[in-house]
Amino acid sequence: MTDAQETAADTALRTTGGGPPDDDVPANGLPIPLLEPREGIPPVVETEDALAEVIAAFAAGSGPVAVDAERASGYRYGQRAYLVQLRREGAGTALIDPVGCPDLSGLGEALAGTEWILHAATQDLPCLRDIGMLPTSLFDTELAGRLAGFPRVGLGAMVESVLGYALEKGHSAVDWSTRPLPEPWLRYAALDVELLVDLRDALEKELDRQGKLEWAHQEFDAIASAPPAPPRKDPWRRTSGMHKVRRRRQMAVVRELWTARDKVAQRRDVSPGKVLSDAAIVEAALSVPVNVAALTVLPGFGNRMGRRQLEQWQAAVDRARALPESELPQPGQQVAGPPPPRAWADKDPVAAARLSAARAAVSALAEELNLPQENLITPDTVRRVCWEPPTPGTPDTVAAALAGHGARPWQVELVTPLLVEALTAKA
């Protein structure tokens, strides 16, 4: 049993903060179902007047604030928030509708300097940033669970193992753009922030016990200070099934269909996959149909699709067919950085030896520290340092290289000795 698993089974941790007291834990040891928020389901904030009251209440509250957001992934275009949940001592729980209140910058300003508690923060921060909310400091309970070595770090699993409560998770993938939102969904949303503060406090104690609290603070600071991710280059290359597409003309068909689909999806505000599936795009690329009749017989372009839609997709295929060779996309465009590791043995056997030694050392240390390898150091960072090692390969130069790739000080301290030794490996 790992340290984290022993801790999860420890009654002292399970009763930290708002966890169930000893006399509430069932005799069979099963978690207690959490069925209702402590103060009931709050009304959804949909007007500026109601929002002003929430801002005043949360500004007057004390301690950290639990924050969550619900999106409509798979239903709507983009990743905008359709519900924001908050909870703070002295203010209770608030459910805010960003459709009715699209500018929450006033709330963000009221919480300036307050620690935000989120679960899997990097998933919610982009949509919160879009509506004017961005923390100056945060505590990520999912990342804390990873660093502490918990085997399952979903919110429900963490609340159950640490606090002894069972959350109902049946509404995580619903269409949150639905209006009005059904009461069971609102109950679920309120419960998602009900115990985040308690979970944060328990995990902070556990990280401190394991000597990892400073590591966590460095990780949280890096997330809070990270700039918005830049737009993806050639996002059409991420079409599912793209590995089947080999020829440049076929790749042009994928590009044209992907671009046409994206414009339609954005205009209709629906998920691109509901407009045209990736599988259909790849089928059209492999066949390069010459007319609508040929397109219609392909999977994904059947009888359920109207004539106008079919003509729209065929027009995209025709644009790709008409492109001169000089304008066709290049195959296998490699992003900046080293080649795929499987090619290293042929391209540079010495680099392959360095990578093998580095991976083995990182894996062993991660196991010893009881945390995932990717949290000890990202695989991409290891690859980059092993492919183009600093010269000379001293502790100072390796540490500088790691820091240059975004490694935090705690990671640099732990990983530098491993890579210094790995860089001397011979083929």
# chains A, B, ... in the order shown; residues from 1 in each chain; ligands from 1
$ residues_around --residues "A:Ala112" --least-positions-apart "2" --cutoff "9 Å" --atoms "only C-alpha atoms" --output "list in words"
Leu107, Gly108, Glu109, Ala110, Thr114, Glu115, Leu134, Pro135, Thr136 and Ser137 of chain A
$ write_last_selection --atoms "N, CA, C and O atoms" --output "mmCIF file, in the first residue's frame"
data_model
loop_
_atom_site.group_PDB
_atom_site.id
_atom_site.type_symbol
_atom_site.label_atom_id
_atom_site.label_comp_id
_atom_site.auth_asym_id
_atom_site.auth_seq_id
_atom_site.Cartn_x
_atom_site.Cartn_y
_atom_site.Cartn_z
ATOM 1 N N LEU A 107 -16.539 40.292 -10.447
ATOM 2 C CA LEU A 107 -16.362 39.211 -9.470
ATOM 3 C C LEU A 107 -14.890 38.823 -9.375
ATOM 4 O O LEU A 107 -14.362 38.589 -8.281
ATOM 5 N N GLY A 108 -14.231 38.769 -10.529
ATOM 6 C CA GLY A 108 -12.811 38.457 -10.526
ATOM 7 C C GLY A 108 -12.013 39.475 -9.725
ATOM 8 O O GLY A 108 -11.109 39.122 -8.954
ATOM 9 N N GLU A 109 -12.364 40.754 -9.869
ATOM 10 C CA GLU A 109 -11.667 41.798 -9.122
ATOM 11 C C GLU A 109 -11.953 41.685 -7.627
ATOM 12 O O GLU A 109 -11.070 41.922 -6.793
ATOM 13 N N ALA A 110 -13.188 41.328 -7.277
ATOM 14 C CA ALA A 110 -13.547 41.195 -5.859
ATOM 15 C C ALA A 110 -12.773 40.060 -5.199
ATOM 16 O O ALA A 110 -12.550 40.082 -3.981
ATOM 17 N N THR A 114 -7.310 36.419 -3.466
ATOM 18 C CA THR A 114 -7.879 35.250 -2.797
ATOM 19 C C THR A 114 -7.414 33.979 -3.499
ATOM 20 O O THR A 114 -7.350 33.933 -4.727
ATOM 21 N N GLU A 115 -7.090 32.961 -2.733
ATOM 22 C CA GLU A 115 -6.727 31.689 -3.336
ATOM 23 C C GLU A 115 -7.966 31.014 -3.913
ATOM 24 O O GLU A 115 -8.978 30.884 -3.239
ATOM 25 N N LEU A 134 -9.763 35.404 -13.477
ATOM 26 C CA LEU A 134 -8.452 34.781 -13.521
ATOM 27 C C LEU A 134 -7.819 34.895 -12.137
ATOM 28 O O LEU A 134 -7.742 35.992 -11.579
ATOM 29 N N PRO A 135 -7.392 33.782 -11.562
ATOM 30 C CA PRO A 135 -6.840 33.838 -10.208
ATOM 31 C C PRO A 135 -5.403 34.351 -10.186
ATOM 32 O O PRO A 135 -4.661 34.200 -11.151
ATOM 33 N N THR A 136 -5.050 34.965 -9.061
ATOM 34 C CA THR A 136 -3.655 35.326 -8.849
ATOM 35 C C THR A 136 -2.924 34.205 -8.114
ATOM 36 O O THR A 136 -1.705 34.096 -8.190
ATOM 37 N N SER A 137 -3.678 33.376 -7.390
ATOM 38 C CA SER A 137 -3.103 32.187 -6.755
ATOM 39 C C SER A 137 -4.170 31.111 -6.727
ATOM 40 O O SER A 137 -5.373 31.411 -6.689
#
$ residues_around --residues "stretch 282-291 of chain A" --least-positions-apart "4" --cutoff "8 Å" --atoms "only C-alpha atoms" --output "ChimeraX atom specification"
/A:241-242,244-245,250-254,278,295,298-299,314,317-318,321
$ residues_around --residues "stretch 391-400 of chain A" --least-positions-apart "2" --cutoff "6 Å" --atoms "only C-alpha atoms" --output "PyMOL selection string"
chain A and resi 402-403+412+416
$ closest_atom_pairs --of "stretch 129-178 of chain A" --to "stretch 193-207 of chain A" --cutoff "9 Å" --atoms "only C-alpha atoms" --output "CSV"
residue,atom,partner,partner_atom,distance
A:Phe139,CA,A:Arg200,CA,7.2
A:Asp140,CA,A:Arg200,CA,8.0
A:Thr141,CA,A:Arg200,CA,6.1
A:Ala144,CA,A:Leu203,CA,6.6
A:Gly145,CA,A:Leu203,CA,7.1
A:Leu147,CA,A:Leu207,CA,7.7
A:Ala148,CA,A:Leu207,CA,5.9
A:Leu155,CA,A:Leu196,CA,8.9
A:Met158,CA,A:Leu199,CA,7.8
A:Val159,CA,A:Leu199,CA,6.7
A:Val162,CA,A:Leu199,CA,7.1
A:Leu163,CA,A:Leu199,CA,7.0
$ select_by_dssp --residues "stretch 195-412 of chain A" --states "helix (DSSP H, G or I)" --output "VMD selection string"
chain A and resid 196 to 209 213 to 225 235 to 238 242 to 244 248 to 268 272 to 275 278 to 287 292 to 296 307 to 322 325 to 327 341 to 347 349 to 369 373 to 376 379 to 387 395 to 404 409 to 412
$ write_last_selection --atoms "C-alpha atoms" --output "short mmCIF file (atom, residue, chain, number, x, y, z; two decimals), in the first residue's frame"
data_model
loop_
_atom_site.label_atom_id
_atom_site.label_comp_id
_atom_site.auth_asym_id
_atom_site.auth_seq_id
_atom_site.Cartn_x
_atom_site.Cartn_y
_atom_site.Cartn_z
CA LEU A 196 -13.55 21.57 -2.39
CA VAL A 197 -12.32 23.69 0.53
CA ASP A 198 -12.35 20.66 2.83
CA LEU A 199 -10.54 18.59 0.21
CA ARG A 200 -7.95 21.30 -0.25
CA ASP A 201 -7.23 21.49 3.48
CA ALA A 202 -6.84 17.71 3.79
CA LEU A 203 -4.56 17.49 0.75
CA GLU A 204 -2.42 20.36 1.98
CA LYS A 205 -1.80 18.46 5.23
CA GLU A 206 -0.99 15.29 3.30
CA LEU A 207 1.44 17.05 0.95
CA ASP A 208 3.10 18.66 3.93
CA ARG A 209 3.42 15.26 5.62
CA LEU A 213 3.93 20.99 -0.26
CA GLU A 214 6.53 23.36 -1.70
CA TRP A 215 6.53 21.33 -4.92
CA ALA A 216 2.76 21.78 -5.14
CA HIS A 217 2.99 25.53 -4.54
CA GLN A 218 5.49 25.85 -7.39
CA GLU A 219 3.18 23.88 -9.69
CA PHE A 220 0.16 25.96 -8.73
CA ASP A 221 2.08 29.22 -9.27
CA ALA A 222 3.13 28.02 -12.73
CA ILE A 223 -0.48 27.33 -13.68
CA ALA A 224 -1.74 30.66 -12.36
CA SER A 225 0.95 32.65 -14.19
CA PRO A 235 -5.46 22.21 -36.42
CA TRP A 236 -6.90 20.16 -39.28
CA ARG A 237 -3.91 17.82 -38.95
CA ARG A 238 -5.43 16.58 -35.68
CA MET A 242 -5.40 11.33 -40.20
CA HIS A 243 -2.74 8.60 -40.12
CA LYS A 244 -4.56 6.90 -43.00
CA ARG A 248 -0.75 15.47 -50.46
CA ARG A 249 -3.93 15.83 -52.53
CA GLN A 250 -5.80 13.77 -49.96
CA MET A 251 -4.40 15.96 -47.20
CA ALA A 252 -5.70 19.00 -49.06
CA VAL A 253 -9.18 17.44 -49.04
CA VAL A 254 -8.97 17.03 -45.26
CA ARG A 255 -7.87 20.64 -44.89
CA GLU A 256 -10.66 22.03 -47.08
CA LEU A 257 -13.41 19.91 -45.51
CA TRP A 258 -12.16 20.64 -41.97
CA THR A 259 -12.12 24.39 -42.68
CA ALA A 260 -15.58 24.35 -44.27
CA ARG A 261 -16.98 22.33 -41.36
CA ASP A 262 -15.43 24.68 -38.81
CA LYS A 263 -17.07 27.72 -40.43
CA VAL A 264 -20.48 26.02 -40.41
CA ALA A 265 -20.07 24.87 -36.81
CA GLN A 266 -19.06 28.32 -35.66
CA ARG A 267 -21.97 29.96 -37.48
CA ARG A 268 -24.48 27.48 -36.05
CA PRO A 272 -18.01 20.44 -35.36
CA GLY A 273 -18.53 16.70 -34.93
CA LYS A 274 -22.30 17.25 -35.12
CA VAL A 275 -21.88 18.99 -38.49
CA ASP A 278 -13.94 13.17 -38.67
CA ALA A 279 -14.50 9.70 -40.09
CA ALA A 280 -16.52 11.17 -42.99
CA ILE A 281 -13.78 13.73 -43.72
CA VAL A 282 -11.14 10.98 -43.88
CA GLU A 283 -13.34 8.81 -46.14
CA ALA A 284 -13.76 11.70 -48.56
CA ALA A 285 -10.02 12.38 -48.48
CA LEU A 286 -9.17 8.78 -49.30
CA SER A 287 -11.67 8.67 -52.18
CA VAL A 292 -21.93 14.69 -55.47
CA ALA A 293 -23.09 11.27 -56.64
CA ALA A 294 -19.70 9.77 -55.77
CA LEU A 295 -19.68 11.64 -52.44
CA THR A 296 -23.14 10.39 -51.45
CA ARG A 307 -28.61 18.07 -51.28
CA ARG A 308 -27.41 21.53 -50.26
CA GLN A 309 -25.15 20.08 -47.60
CA LEU A 310 -23.72 17.53 -50.02
CA GLU A 311 -22.98 20.26 -52.57
CA GLN A 312 -21.25 22.28 -49.84
CA TRP A 313 -18.91 19.38 -48.99
CA GLN A 314 -18.31 18.53 -52.64
CA ALA A 315 -17.34 22.15 -53.28
CA ALA A 316 -14.67 21.79 -50.59
CA VAL A 317 -13.39 18.60 -52.24
CA ASP A 318 -13.37 20.34 -55.61
CA ARG A 319 -11.26 23.17 -54.20
CA ALA A 320 -8.70 20.63 -53.04
CA ARG A 321 -8.77 18.85 -56.42
CA ALA A 322 -8.12 22.15 -58.23
CA GLU A 325 0.95 21.07 -56.64
CA SER A 326 2.79 24.02 -55.09
CA GLU A 327 -0.17 24.78 -52.78
CA PRO A 341 11.65 8.46 -30.20
CA ARG A 342 11.11 5.38 -32.39
CA ALA A 343 13.30 7.01 -35.05
CA TRP A 344 16.19 7.87 -32.73
CA ALA A 345 18.01 4.53 -33.00
CA ASP A 346 18.43 5.06 -36.76
CA LYS A 347 19.00 8.82 -36.76
CA PRO A 349 22.07 5.91 -31.74
CA VAL A 350 23.98 7.88 -29.09
CA ALA A 351 20.97 10.14 -28.47
CA ALA A 352 18.79 7.02 -28.26
CA ALA A 353 21.09 5.64 -25.56
CA ARG A 354 20.89 8.91 -23.65
CA LEU A 355 17.08 8.86 -23.81
CA SER A 356 16.87 5.24 -22.68
CA ALA A 357 19.09 5.93 -19.67
CA ALA A 358 17.19 9.10 -18.79
CA ARG A 359 13.80 7.42 -19.01
CA ALA A 360 14.90 4.56 -16.76
CA ALA A 361 16.30 6.95 -14.16
CA VAL A 362 13.23 9.21 -14.17
CA SER A 363 10.93 6.19 -13.89
CA ALA A 364 12.84 4.84 -10.91
CA LEU A 365 12.84 8.17 -9.07
CA ALA A 366 9.14 8.76 -9.77
CA GLU A 367 8.33 5.36 -8.31
CA GLU A 368 10.47 6.10 -5.27
CA LEU A 369 8.70 9.45 -4.75
CA GLN A 373 6.60 10.34 -14.12
CA GLU A 374 5.02 13.17 -16.11
CA ASN A 375 4.63 15.22 -12.92
CA LEU A 376 8.26 14.68 -11.96
CA PRO A 379 8.55 13.48 -21.26
CA ASP A 380 8.94 16.23 -23.87
CA THR A 381 11.49 18.03 -21.70
CA VAL A 382 13.51 14.82 -21.27
CA ARG A 383 13.45 14.20 -25.03
CA ARG A 384 14.59 17.72 -25.88
CA VAL A 385 17.51 17.67 -23.44
CA CYS A 386 18.60 14.21 -24.60
CA TRP A 387 18.32 15.08 -28.30
CA PRO A 395 24.97 20.19 -13.53
CA ASP A 396 24.77 23.93 -14.16
CA THR A 397 24.19 23.64 -17.92
CA VAL A 398 21.68 20.82 -17.55
CA ALA A 399 19.81 22.71 -14.84
CA ALA A 400 19.69 25.77 -17.10
CA ALA A 401 18.38 23.66 -20.00
CA LEU A 402 15.64 22.17 -17.83
CA ALA A 403 14.61 25.60 -16.56
CA GLY A 404 14.61 26.89 -20.13
CA PRO A 409 12.88 24.60 -9.39
CA TRP A 410 11.90 21.45 -7.49
CA GLN A 411 11.98 19.45 -10.71
CA VAL A 412 15.32 20.92 -11.73
#
$ closest_residue --among "A:Glu421, A:Glu46, A:Asp124, A:Asp269" --to "A:Pro180" --atoms "only C-alpha atoms"
A:Glu46
$ atom_distance --atom1 "atom CA of A:Ser73" --atom2 "atom CA of A:Ala173"
7.8 Å
$ closest_residue --among "A:Gly29, A:Ala59, A:Gln210, A:Ala407" --to "A:Gly149" --atoms "only C-alpha atoms"
A:Gln210
$ atom_distance --atom1 "atom CA of A:Ser277" --atom2 "atom CA of A:Gly302"
12.3 Å
$ select_by_dssp --residues "stretch 38-276 of chain A" --states "strand (DSSP E or B)" --output "short mmCIF file (atom, residue, chain, number, x, y, z; two decimals) with all heavy atoms, in the first residue's frame"
data_model
loop_
_atom_site.label_atom_id
_atom_site.label_comp_id
_atom_site.auth_asym_id
_atom_site.auth_seq_id
_atom_site.Cartn_x
_atom_site.Cartn_y
_atom_site.Cartn_z
N VAL A 44 -30.20 30.45 -9.55
CA VAL A 44 -29.21 30.78 -10.59
C VAL A 44 -29.17 32.29 -10.78
O VAL A 44 -30.21 32.94 -10.94
CB VAL A 44 -29.56 30.08 -11.92
CG1 VAL A 44 -28.55 30.47 -13.00
CG2 VAL A 44 -29.57 28.58 -11.74
N VAL A 45 -27.97 32.85 -10.76
CA VAL A 45 -27.77 34.29 -10.94
C VAL A 45 -27.77 34.59 -12.43
O VAL A 45 -26.89 34.14 -13.16
CB VAL A 45 -26.45 34.73 -10.28
CG1 VAL A 45 -26.16 36.20 -10.57
CG2 VAL A 45 -26.47 34.46 -8.79
N SER A 62 -14.65 34.95 3.71
CA SER A 62 -13.30 34.72 4.24
C SER A 62 -12.73 33.43 3.70
O SER A 62 -13.46 32.51 3.34
CB SER A 62 -13.32 34.68 5.77
OG SER A 62 -14.15 33.62 6.22
N GLY A 63 -11.40 33.35 3.67
CA GLY A 63 -10.73 32.14 3.24
C GLY A 63 -10.74 31.97 1.74
O GLY A 63 -11.17 32.85 0.98
N PRO A 64 -10.26 30.81 1.26
CA PRO A 64 -10.19 30.56 -0.19
C PRO A 64 -11.59 30.39 -0.78
O PRO A 64 -12.58 30.19 -0.06
CB PRO A 64 -9.39 29.27 -0.28
CG PRO A 64 -9.65 28.57 1.03
CD PRO A 64 -9.77 29.67 2.05
N VAL A 65 -11.66 30.45 -2.10
CA VAL A 65 -12.94 30.29 -2.79
C VAL A 65 -12.87 29.09 -3.72
O VAL A 65 -11.91 28.93 -4.48
CB VAL A 65 -13.31 31.57 -3.58
CG1 VAL A 65 -12.24 31.94 -4.60
CG2 VAL A 65 -14.66 31.40 -4.29
N ALA A 66 -13.84 28.20 -3.61
CA ALA A 66 -13.94 27.05 -4.51
C ALA A 66 -14.61 27.50 -5.80
O ALA A 66 -15.63 28.20 -5.77
CB ALA A 66 -14.76 25.94 -3.85
N VAL A 67 -14.03 27.11 -6.93
CA VAL A 67 -14.51 27.55 -8.24
C VAL A 67 -14.61 26.35 -9.19
O VAL A 67 -13.73 25.50 -9.21
CB VAL A 67 -13.59 28.63 -8.86
CG1 VAL A 67 -14.14 29.12 -10.19
CG2 VAL A 67 -13.38 29.79 -7.89
N ASP A 68 -15.68 26.33 -9.97
CA ASP A 68 -15.85 25.30 -11.00
C ASP A 68 -16.61 25.92 -12.15
O ASP A 68 -17.27 26.96 -12.01
CB ASP A 68 -16.61 24.09 -10.43
CG ASP A 68 -16.57 22.88 -11.36
OD1 ASP A 68 -15.68 22.83 -12.22
OD2 ASP A 68 -17.44 22.00 -11.24
N ALA A 69 -16.53 25.32 -13.31
CA ALA A 69 -17.25 25.80 -14.48
C ALA A 69 -17.74 24.61 -15.29
O ALA A 69 -17.08 23.57 -15.35
CB ALA A 69 -16.36 26.70 -15.35
N GLU A 70 -18.90 24.76 -15.88
CA GLU A 70 -19.48 23.72 -16.73
C GLU A 70 -19.54 24.22 -18.16
O GLU A 70 -20.01 25.33 -18.43
CB GLU A 70 -20.88 23.34 -16.24
CG GLU A 70 -20.97 22.92 -14.79
CD GLU A 70 -20.22 21.63 -14.48
OE1 GLU A 70 -19.82 20.93 -15.43
OE2 GLU A 70 -20.03 21.35 -13.29
N ARG A 71 -19.04 23.39 -19.08
CA ARG A 71 -19.06 23.73 -20.51
C ARG A 71 -20.04 22.80 -21.23
O ARG A 71 -20.65 21.94 -20.62
CB ARG A 71 -17.66 23.61 -21.09
CG ARG A 71 -16.64 24.52 -20.40
CD ARG A 71 -15.24 24.35 -20.94
NE ARG A 71 -14.73 23.00 -20.72
CZ ARG A 71 -14.20 22.58 -19.59
NH1 ARG A 71 -14.15 23.38 -18.54
NH2 ARG A 71 -13.73 21.35 -19.47
N ALA A 81 -17.96 28.86 -21.03
CA ALA A 81 -18.62 28.41 -19.80
C ALA A 81 -20.12 28.69 -19.89
O ALA A 81 -20.53 29.76 -20.35
CB ALA A 81 -18.02 29.13 -18.60
N TYR A 82 -20.92 27.73 -19.44
CA TYR A 82 -22.37 27.91 -19.39
C TYR A 82 -22.91 27.92 -17.97
O TYR A 82 -24.08 28.18 -17.75
CB TYR A 82 -23.07 26.82 -20.21
CG TYR A 82 -22.99 27.09 -21.69
CD1 TYR A 82 -21.98 26.53 -22.47
CD2 TYR A 82 -23.90 27.94 -22.32
CE1 TYR A 82 -21.89 26.79 -23.83
CE2 TYR A 82 -23.82 28.20 -23.67
CZ TYR A 82 -22.82 27.63 -24.43
OH TYR A 82 -22.73 27.89 -25.77
N LEU A 83 -22.05 27.66 -17.00
CA LEU A 83 -22.41 27.80 -15.60
C LEU A 83 -21.12 27.92 -14.80
O LEU A 83 -20.15 27.20 -15.07
CB LEU A 83 -23.22 26.60 -15.09
CG LEU A 83 -23.81 26.74 -13.68
CD1 LEU A 83 -24.94 27.78 -13.68
CD2 LEU A 83 -24.33 25.41 -13.15
N VAL A 84 -21.10 28.84 -13.86
CA VAL A 84 -19.95 29.00 -12.97
C VAL A 84 -20.43 28.81 -11.54
O VAL A 84 -21.43 29.42 -11.13
CB VAL A 84 -19.31 30.39 -13.12
CG1 VAL A 84 -18.18 30.59 -12.11
CG2 VAL A 84 -18.77 30.57 -14.54
N GLN A 85 -19.74 27.93 -10.80
CA GLN A 85 -20.09 27.65 -9.41
C GLN A 85 -18.98 28.15 -8.50
O GLN A 85 -17.81 27.96 -8.79
CB GLN A 85 -20.28 26.15 -9.19
CG GLN A 85 -21.21 25.47 -10.18
CD GLN A 85 -20.46 24.72 -11.26
OE1 GLN A 85 -19.99 25.30 -12.22
NE2 GLN A 85 -20.35 23.40 -11.11
N LEU A 86 -19.39 28.77 -7.40
CA LEU A 86 -18.42 29.25 -6.41
C LEU A 86 -18.93 28.95 -5.01
O LEU A 86 -20.14 28.91 -4.77
CB LEU A 86 -18.19 30.76 -6.53
CG LEU A 86 -17.75 31.32 -7.89
CD1 LEU A 86 -18.95 31.89 -8.62
CD2 LEU A 86 -16.67 32.38 -7.71
N ARG A 87 -17.99 28.78 -4.09
CA ARG A 87 -18.35 28.63 -2.68
C ARG A 87 -17.24 29.23 -1.83
O ARG A 87 -16.06 29.00 -2.09
CB ARG A 87 -18.58 27.16 -2.30
CG ARG A 87 -19.03 26.99 -0.85
CD ARG A 87 -19.41 25.56 -0.51
NE ARG A 87 -19.84 25.48 0.88
CZ ARG A 87 -21.06 25.77 1.32
NH1 ARG A 87 -22.00 26.15 0.47
NH2 ARG A 87 -21.36 25.68 2.60
N ARG A 88 -17.66 29.99 -0.80
CA ARG A 88 -16.70 30.60 0.11
C ARG A 88 -17.31 30.72 1.49
O ARG A 88 -18.53 30.95 1.62
CB ARG A 88 -16.28 31.98 -0.41
CG ARG A 88 -15.07 32.56 0.30
CD ARG A 88 -14.69 33.93 -0.20
NE ARG A 88 -13.37 34.32 0.30
CZ ARG A 88 -12.86 35.54 0.18
NH1 ARG A 88 -13.55 36.50 -0.44
NH2 ARG A 88 -11.66 35.81 0.68
N GLU A 89 -16.49 30.58 2.49
CA GLU A 89 -16.94 30.74 3.87
C GLU A 89 -17.54 32.13 4.06
O GLU A 89 -16.94 33.14 3.70
CB GLU A 89 -15.77 30.54 4.83
CG GLU A 89 -16.14 30.62 6.29
CD GLU A 89 -16.96 29.44 6.75
OE1 GLU A 89 -16.81 28.34 6.17
OE2 GLU A 89 -17.77 29.61 7.69
N GLY A 92 -21.45 31.28 1.21
CA GLY A 92 -22.21 30.14 0.74
C GLY A 92 -21.86 29.78 -0.68
O GLY A 92 -20.75 30.06 -1.17
N THR A 93 -22.81 29.19 -1.39
CA THR A 93 -22.61 28.74 -2.78
C THR A 93 -23.37 29.65 -3.73
O THR A 93 -24.49 30.07 -3.44
CB THR A 93 -23.08 27.29 -2.95
OG1 THR A 93 -22.28 26.44 -2.13
CG2 THR A 93 -22.95 26.83 -4.40
N ALA A 94 -22.77 29.95 -4.86
CA ALA A 94 -23.43 30.73 -5.91
C ALA A 94 -23.33 29.98 -7.23
O ALA A 94 -22.30 29.38 -7.54
CB ALA A 94 -22.79 32.12 -6.04
N LEU A 95 -24.42 30.01 -7.99
CA LEU A 95 -24.47 29.46 -9.34
C LEU A 95 -24.75 30.61 -10.29
O LEU A 95 -25.80 31.25 -10.22
CB LEU A 95 -25.57 28.39 -9.46
CG LEU A 95 -25.49 27.20 -8.50
CD1 LEU A 95 -26.68 26.27 -8.71
CD2 LEU A 95 -24.18 26.44 -8.69
N ILE A 96 -23.80 30.89 -11.19
CA ILE A 96 -23.91 32.06 -12.07
C ILE A 96 -24.04 31.62 -13.51
O ILE A 96 -23.27 30.77 -13.98
CB ILE A 96 -22.68 32.98 -11.90
CG1 ILE A 96 -22.53 33.39 -10.43
CG2 ILE A 96 -22.80 34.20 -12.80
CD1 ILE A 96 -21.28 34.21 -10.17
N GLU A 115 -7.09 32.96 -2.73
CA GLU A 115 -6.73 31.69 -3.34
C GLU A 115 -7.97 31.01 -3.91
O GLU A 115 -8.98 30.88 -3.24
CB GLU A 115 -6.08 30.77 -2.29
CG GLU A 115 -5.68 29.42 -2.87
CD GLU A 115 -5.21 28.44 -1.79
OE1 GLU A 115 -6.08 27.82 -1.13
OE2 GLU A 115 -3.99 28.32 -1.61
N TRP A 116 -7.86 30.58 -5.17
CA TRP A 116 -8.94 29.83 -5.80
C TRP A 116 -8.64 28.35 -5.68
O TRP A 116 -7.49 27.92 -5.86
CB TRP A 116 -9.05 30.17 -7.28
CG TRP A 116 -9.52 31.54 -7.60
CD1 TRP A 116 -9.46 32.65 -6.80
CD2 TRP A 116 -10.10 31.98 -8.83
NE1 TRP A 116 -9.97 33.74 -7.45
CE2 TRP A 116 -10.38 33.35 -8.69
CE3 TRP A 116 -10.41 31.34 -10.02
CZ2 TRP A 116 -10.95 34.10 -9.73
CZ3 TRP A 116 -10.98 32.07 -11.04
CH2 TRP A 116 -11.25 33.44 -10.90
N ILE A 117 -9.65 27.56 -5.41
CA ILE A 117 -9.51 26.10 -5.39
C ILE A 117 -10.26 25.56 -6.59
O ILE A 117 -11.47 25.78 -6.74
CB ILE A 117 -10.08 25.49 -4.10
CG1 ILE A 117 -9.51 26.19 -2.87
CG2 ILE A 117 -9.79 24.00 -4.04
CD1 ILE A 117 -10.23 25.83 -1.58
N LEU A 118 -9.55 24.87 -7.47
CA LEU A 118 -10.16 24.25 -8.64
C LEU A 118 -9.71 22.80 -8.71
O LEU A 118 -8.65 22.45 -8.19
CB LEU A 118 -9.78 24.97 -9.93
CG LEU A 118 -10.14 26.44 -10.05
CD1 LEU A 118 -8.90 27.30 -9.82
CD2 LEU A 118 -10.73 26.75 -11.43
N SER A 137 -3.68 33.38 -7.39
CA SER A 137 -3.10 32.19 -6.75
C SER A 137 -4.17 31.11 -6.73
O SER A 137 -5.37 31.41 -6.69
CB SER A 137 -2.62 32.49 -5.33
OG SER A 137 -3.71 32.78 -4.47
N LEU A 138 -3.75 29.85 -6.78
CA LEU A 138 -4.72 28.77 -6.82
C LEU A 138 -4.19 27.53 -6.13
O LEU A 138 -2.99 27.40 -5.86
CB LEU A 138 -5.13 28.45 -8.26
CG LEU A 138 -4.06 27.95 -9.25
CD1 LEU A 138 -3.85 26.44 -9.13
CD2 LEU A 138 -4.46 28.28 -10.68
N PHE A 139 -5.11 26.61 -5.86
CA PHE A 139 -4.79 25.28 -5.34
C PHE A 139 -5.57 24.30 -6.19
O PHE A 139 -6.80 24.34 -6.24
CB PHE A 139 -5.19 25.16 -3.86
CG PHE A 139 -4.69 23.91 -3.18
CD1 PHE A 139 -3.64 23.97 -2.29
CD2 PHE A 139 -5.28 22.67 -3.42
CE1 PHE A 139 -3.16 22.83 -1.65
CE2 PHE A 139 -4.82 21.52 -2.80
CZ PHE A 139 -3.76 21.60 -1.90
N ASP A 140 -4.87 23.43 -6.91
CA ASP A 140 -5.50 22.47 -7.81
C ASP A 140 -5.58 21.12 -7.08
O ASP A 140 -4.56 20.47 -6.86
CB ASP A 140 -4.67 22.34 -9.09
CG ASP A 140 -5.34 21.47 -10.15
OD1 ASP A 140 -6.10 20.56 -9.78
OD2 ASP A 140 -5.08 21.70 -11.34
N TYR A 165 -17.11 10.94 1.48
CA TYR A 165 -18.41 11.23 0.87
C TYR A 165 -18.44 10.73 -0.57
O TYR A 165 -17.41 10.70 -1.26
CB TYR A 165 -18.68 12.74 0.86
CG TYR A 165 -19.21 13.29 2.16
CD1 TYR A 165 -18.50 14.27 2.86
CD2 TYR A 165 -20.43 12.87 2.68
CE1 TYR A 165 -18.98 14.80 4.04
CE2 TYR A 165 -20.92 13.39 3.86
CZ TYR A 165 -20.19 14.36 4.53
OH TYR A 165 -20.68 14.88 5.71
N ALA A 166 -19.62 10.37 -1.04
CA ALA A 166 -19.81 9.93 -2.43
C ALA A 166 -20.60 11.00 -3.18
O ALA A 166 -21.73 11.33 -2.80
CB ALA A 166 -20.55 8.60 -2.48
#
$ atom_distance --atom1 "atom CA of A:Gly300" --atom2 "atom CA of A:Ser172"
27.9 Å
$ residues_around --residues "A:Arg38" --least-positions-apart "2" --cutoff "10 Å" --atoms "only C-alpha atoms" --output "PyMOL selection string"
chain A and resi 34-36+40-41+92-93+190-191+194
